[in-house]
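Below is one structure; the comments refer to it alone.
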Amino acid sequence: MKIALLLPTRERMNNKISFMMSALSRCKNPENYNLYMGLDHDDPTMERCKKMSKSITNLKIVEIPPNPCGKFRLGYFWNVLARNSNEEIISMVGDDMVFSTDDWDEKILDEFHEKNCPDKFKLVCGHDGHRKDQFAAWLFIHRFYMEKTGYFMREEFSRNWIDQWLDNMYASFGRKVYRSDITITHNHWVFGTSKFDKVAENLRLHEGENKEHSDQMWDKLGDERKKEAIMWEKYLGIKSEIIKTT
């Protein structure tokens, strides 16, 4: 069993290297995971990343094709990466994150060992270095979820609510595991631990539009969440409690 670190990223070469080196220096065994970097076709760091992948055996570069819908949909990037990977465990991570816990790979793999996850339905998350709640700011799930649903992330959302969908679904079955002993530090500019760069600025330009769209989609997709929950109820033999998130 191996882990796929799915990392959509643009520009931010220093961030790419920091993430990659933190995963490597903190892991128990680099053979436990592969890192998939997803880059737009016109990303100025593309060639440098491809050169790195020639000498780093567990680094895979995935060129993300334009979204057929013509809109910015963050979940689309993670779905492309998930479909280009084949590891049993898939993840949602960001290029402004760094691993801060030793043997993180062994801890994650142990959570998904057959004895701890016989039905392959579990979400594992932990501390992001800032938040005091137990929200899944980063997460790991078994690929089985995608095989059953046909997707890793719901692509209807622009940015917000993508992670809430998974957080909500697994928590409603009591299958969300928060590991306070595992930290992947989120160096987001809102926490004052990174600079407000060009990538953040481009996202901010559409933040109002994206947030409004995503908020509306959360309500519109209420029946879809219930439909998915019913599917998992039948599989797990457990009644769900869909958690309302505002």
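Identifiers for the structure tokens are assigned positionally: chains receive A, B, ... in sequence, residues are indexed from 1 per chain, and ligands are indexed from 1 in the order shown.
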
- Using backbone DSSP assignments, extract all alpha helix (DSSP H) residues from stretch 62-218 of chain A; output them as a PyMOL selection string. chain A and resi 74-83+104-111+144-149+162-172+198-205+207-218

Dump C-alpha atoms for the selected residues as a short mmCIF file (atom, residue, chain, number, x, y, z; two decimals), in the first residue's frame?
```cif
data_model
loop_
_atom_site.label_atom_id
_atom_site.label_comp_id
_atom_site.auth_asym_id
_atom_site.auth_seq_id
_atom_site.Cartn_x
_atom_site.Cartn_y
_atom_site.Cartn_z
CA LEU A 74 -10.23 23.77 -7.87
CA GLY A 75 -11.64 20.27 -7.48
CA TYR A 76 -10.94 19.62 -11.16
CA PHE A 77 -7.17 19.78 -10.52
CA TRP A 78 -7.31 17.22 -7.70
CA ASN A 79 -9.50 14.93 -9.79
CA VAL A 80 -7.06 15.00 -12.71
CA LEU A 81 -4.21 14.14 -10.34
CA ALA A 82 -6.19 11.37 -8.65
CA ARG A 83 -6.96 9.81 -12.03
CA TRP A 104 4.05 10.89 8.76
CA ASP A 105 3.85 8.25 6.02
CA GLU A 106 3.98 5.33 8.45
CA LYS A 107 1.29 6.92 10.63
CA ILE A 108 -1.04 7.47 7.66
CA LEU A 109 -0.49 3.98 6.25
CA ASP A 110 -1.17 2.42 9.64
CA GLU A 111 -4.56 4.16 9.74
CA PHE A 144 -12.12 3.19 -2.88
CA TYR A 145 -14.14 6.38 -2.34
CA MET A 146 -13.39 7.55 -5.87
CA GLU A 147 -14.07 4.10 -7.30
CA LYS A 148 -17.55 4.11 -5.72
CA THR A 149 -18.51 7.72 -6.44
CA ILE A 162 -14.79 21.25 -1.71
CA ASP A 163 -13.06 19.98 1.42
CA GLN A 164 -16.24 20.46 3.47
CA TRP A 165 -17.99 17.92 1.27
CA LEU A 166 -15.56 15.16 2.26
CA ASP A 167 -15.25 16.36 5.85
CA ASN A 168 -19.03 16.35 6.15
CA MET A 169 -19.58 13.00 4.48
CA TYR A 170 -17.06 11.01 6.52
CA ALA A 171 -17.94 12.75 9.79
CA SER A 172 -21.63 11.91 9.27
CA LYS A 198 0.86 36.67 -7.63
CA VAL A 199 -0.94 33.33 -7.42
CA ALA A 200 -2.88 34.48 -4.35
CA GLU A 201 -3.65 37.78 -6.05
CA ASN A 202 -5.10 36.03 -9.10
CA LEU A 203 -7.29 33.89 -6.88
CA ARG A 204 -8.35 36.94 -4.88
CA LEU A 205 -9.50 38.72 -8.03
CA GLU A 207 -12.77 35.42 -4.74
CA GLY A 208 -16.14 37.15 -4.51
CA GLU A 209 -17.47 35.44 -7.59
CA ASN A 210 -16.06 32.06 -6.57
CA LYS A 211 -17.37 32.28 -3.00
CA GLU A 212 -20.85 33.29 -4.12
CA HIS A 213 -20.94 30.49 -6.67
CA SER A 214 -19.70 27.89 -4.19
CA ASP A 215 -22.12 28.99 -1.46
CA GLN A 216 -25.00 28.65 -3.89
CA MET A 217 -23.80 25.23 -5.05
CA TRP A 218 -23.60 23.93 -1.48
#
```

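Going from atom CA of A:Ser91 to atom CA of A:Leu7 covers 8.5 Å.
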
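Look at A:Cys69: the protein and nucleic acid residues within 10 Å of it, using only C-alpha atoms and passing over chain neighbours fewer than 3 places away, are Pro66, Phe72, Arg73, Tyr76, Glu155 and Glu156 of chain A.
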
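The shell of residues at most 12 Å from A:Glu233, with only C-alpha atoms counted and near chain neighbours (fewer than 2 positions) removed, consists of A:Phe121, A:Met169, A:Tyr170, A:Ser172, A:Phe173, A:Gly174, A:Lys226, A:Lys227, A:Glu228, A:Ala229, A:Ile230, A:Met231, A:Tyr235, A:Leu236, A:Gly237, A:Ile238, A:Lys239, A:Ser240, A:Glu241, A:Ile242.
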
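The smallest atom-to-atom distance between A:Thr101 and any of A:Asp128, A:Asp43, A:Glu114, A:Asp181, using only C-alpha atoms, is found for A:Asp181.
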
- Message: For the structure I just gave you, how does DSSP split stretch 25-67 of chain A - specifically, which residues are strand (DSSP E or B)? Reply as a PyMOL selection string.
- Response: chain A and resi 33-40+59-64

- Between A:Thr9, A:Asn187, A:Asn29, A:Ser158, single out the one closest to A:His41, counting only C-alpha atoms. A:Thr9

Quick one: everything within 9 Å of stretch 138-142 of chain A, counting only C-alpha atoms, minus sequence neighbours fewer than 5 positions away in the same chain. Send it as an mmCIF file with N, CA, C and O atoms, in the first residue's frame.
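out.cif, written as the output of this step:
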```
data_model
loop_
_atom_site.group_PDB
_atom_site.id
_atom_site.type_symbol
_atom_site.label_atom_id
_atom_site.label_comp_id
_atom_site.auth_asym_id
_atom_site.auth_seq_id
_atom_site.Cartn_x
_atom_site.Cartn_y
_atom_site.Cartn_z
ATOM 1 N N ILE A 3 0.978 5.822 -0.763
ATOM 2 C CA ILE A 3 0.253 7.095 -0.692
ATOM 3 C C ILE A 3 0.548 7.930 -1.928
ATOM 4 O O ILE A 3 1.690 7.994 -2.379
ATOM 5 N N LEU A 5 0.562 11.743 -2.925
ATOM 6 C CA LEU A 5 0.436 13.151 -2.521
ATOM 7 C C LEU A 5 0.032 13.927 -3.763
ATOM 8 O O LEU A 5 0.808 14.049 -4.708
ATOM 9 N N GLU A 87 -2.027 4.845 -6.561
ATOM 10 C CA GLU A 87 -1.803 4.433 -5.180
ATOM 11 C C GLU A 87 -3.138 4.234 -4.454
ATOM 12 O O GLU A 87 -4.139 4.874 -4.793
ATOM 13 N N GLU A 88 -3.134 3.395 -3.439
ATOM 14 C CA GLU A 88 -4.366 3.108 -2.703
ATOM 15 C C GLU A 88 -4.877 4.300 -1.909
ATOM 16 O O GLU A 88 -6.080 4.499 -1.765
ATOM 17 N N ILE A 89 -3.946 5.106 -1.363
ATOM 18 C CA ILE A 89 -4.323 6.248 -0.536
ATOM 19 C C ILE A 89 -4.095 7.537 -1.320
ATOM 20 O O ILE A 89 -2.997 7.755 -1.849
ATOM 21 N N ILE A 90 -5.122 8.368 -1.416
ATOM 22 C CA ILE A 90 -5.014 9.642 -2.125
ATOM 23 C C ILE A 90 -5.213 10.789 -1.133
ATOM 24 O O ILE A 90 -5.810 10.613 -0.075
ATOM 25 N N SER A 91 -4.698 11.953 -1.487
ATOM 26 C CA SER A 91 -4.661 13.046 -0.517
ATOM 27 C C SER A 91 -5.030 14.389 -1.132
ATOM 28 O O SER A 91 -4.918 14.587 -2.344
ATOM 29 N N MET A 92 -5.452 15.293 -0.275
ATOM 30 C CA MET A 92 -5.647 16.688 -0.640
ATOM 31 C C MET A 92 -4.608 17.496 0.125
ATOM 32 O O MET A 92 -4.683 17.623 1.348
ATOM 33 N N VAL A 93 -3.602 18.002 -0.588
ATOM 34 C CA VAL A 93 -2.561 18.831 0.019
ATOM 35 C C VAL A 93 -2.346 20.057 -0.869
ATOM 36 O O VAL A 93 -2.791 20.098 -2.013
ATOM 37 N N GLY A 94 -1.656 21.066 -0.324
ATOM 38 C CA GLY A 94 -1.436 22.303 -1.062
ATOM 39 C C GLY A 94 0.025 22.696 -1.109
ATOM 40 O O GLY A 94 0.836 22.247 -0.278
ATOM 41 N N ILE A 108 0.103 7.471 8.568
ATOM 42 C CA ILE A 108 -1.036 7.467 7.660
ATOM 43 C C ILE A 108 -1.325 6.047 7.161
ATOM 44 O O ILE A 108 -2.478 5.592 7.161
ATOM 45 N N PHE A 112 -4.774 3.144 7.533
ATOM 46 C CA PHE A 112 -5.502 2.489 6.450
ATOM 47 C C PHE A 112 -5.169 1.003 6.317
ATOM 48 O O PHE A 112 -5.622 0.347 5.384
ATOM 49 N N LYS A 120 -12.425 0.178 4.029
ATOM 50 C CA LYS A 120 -11.777 1.193 3.197
ATOM 51 C C LYS A 120 -12.482 2.549 3.217
ATOM 52 O O LYS A 120 -12.252 3.383 2.350
ATOM 53 N N PHE A 121 -13.318 2.788 4.218
ATOM 54 C CA PHE A 121 -14.045 4.061 4.297
ATOM 55 C C PHE A 121 -13.590 4.811 5.537
ATOM 56 O O PHE A 121 -14.079 4.599 6.642
ATOM 57 N N LYS A 122 -12.626 5.698 5.341
ATOM 58 C CA LYS A 122 -12.076 6.482 6.440
ATOM 59 C C LYS A 122 -11.419 7.725 5.872
ATOM 60 O O LYS A 122 -10.819 7.683 4.801
ATOM 61 N N LEU A 123 -11.541 8.831 6.603
ATOM 62 C CA LEU A 123 -10.829 10.062 6.281
ATOM 63 C C LEU A 123 -9.896 10.366 7.438
ATOM 64 O O LEU A 123 -10.329 10.381 8.600
ATOM 65 N N VAL A 124 -8.633 10.603 7.124
ATOM 66 C CA VAL A 124 -7.640 10.943 8.141
ATOM 67 C C VAL A 124 -7.157 12.365 7.908
ATOM 68 O O VAL A 124 -6.786 12.738 6.789
ATOM 69 N N CYS A 125 -7.198 13.166 8.951
ATOM 70 C CA CYS A 125 -6.698 14.546 8.880
ATOM 71 C C CYS A 125 -6.005 14.847 10.197
ATOM 72 O O CYS A 125 -5.956 14.017 11.098
ATOM 73 N N GLY A 126 -5.444 16.048 10.305
ATOM 74 C CA GLY A 126 -4.743 16.410 11.532
ATOM 75 C C GLY A 126 -4.540 17.908 11.622
ATOM 76 O O GLY A 126 -5.227 18.682 10.946
ATOM 77 N N HIS A 127 -3.582 18.314 12.416
ATOM 78 C CA HIS A 127 -3.365 19.736 12.689
ATOM 79 C C HIS A 127 -2.715 20.431 11.498
ATOM 80 O O HIS A 127 -1.870 19.852 10.811
ATOM 81 N N ASP A 128 -3.138 21.670 11.235
ATOM 82 C CA ASP A 128 -2.536 22.444 10.138
ATOM 83 C C ASP A 128 -1.594 23.515 10.662
ATOM 84 O O ASP A 128 -1.141 24.371 9.905
ATOM 85 N N ASP A 163 -13.520 20.805 0.318
ATOM 86 C CA ASP A 163 -13.061 19.984 1.425
ATOM 87 C C ASP A 163 -14.185 19.716 2.423
ATOM 88 O O ASP A 163 -14.237 18.653 3.038
ATOM 89 N N LEU A 166 -16.148 16.383 1.734
ATOM 90 C CA LEU A 166 -15.557 15.162 2.258
ATOM 91 C C LEU A 166 -15.570 15.148 3.785
ATOM 92 O O LEU A 166 -15.896 14.127 4.405
ATOM 93 N N ASP A 167 -15.232 16.253 4.399
ATOM 94 C CA ASP A 167 -15.246 16.360 5.853
ATOM 95 C C ASP A 167 -16.630 16.003 6.383
ATOM 96 O O ASP A 167 -16.789 15.212 7.323
ATOM 97 N N ILE A 184 0.705 18.948 9.334
ATOM 98 C CA ILE A 184 1.171 19.454 8.040
ATOM 99 C C ILE A 184 0.860 20.945 8.081
ATOM 100 O O ILE A 184 -0.294 21.354 7.964
ATOM 101 N N HIS A 186 0.166 24.637 7.389
ATOM 102 C CA HIS A 186 -0.394 25.376 6.260
ATOM 103 C C HIS A 186 0.104 26.823 6.317
ATOM 104 O O HIS A 186 -0.396 27.641 7.089
#
```

- Query: Which residues, written as a list of chain:residue names, have at least one atom at most 9 Å from A:Ser22, with only C-alpha atoms counted and residues fewer than 6 positions away on the same chain left out?
  - Reply: A:Val98, A:Phe99, A:Ser100
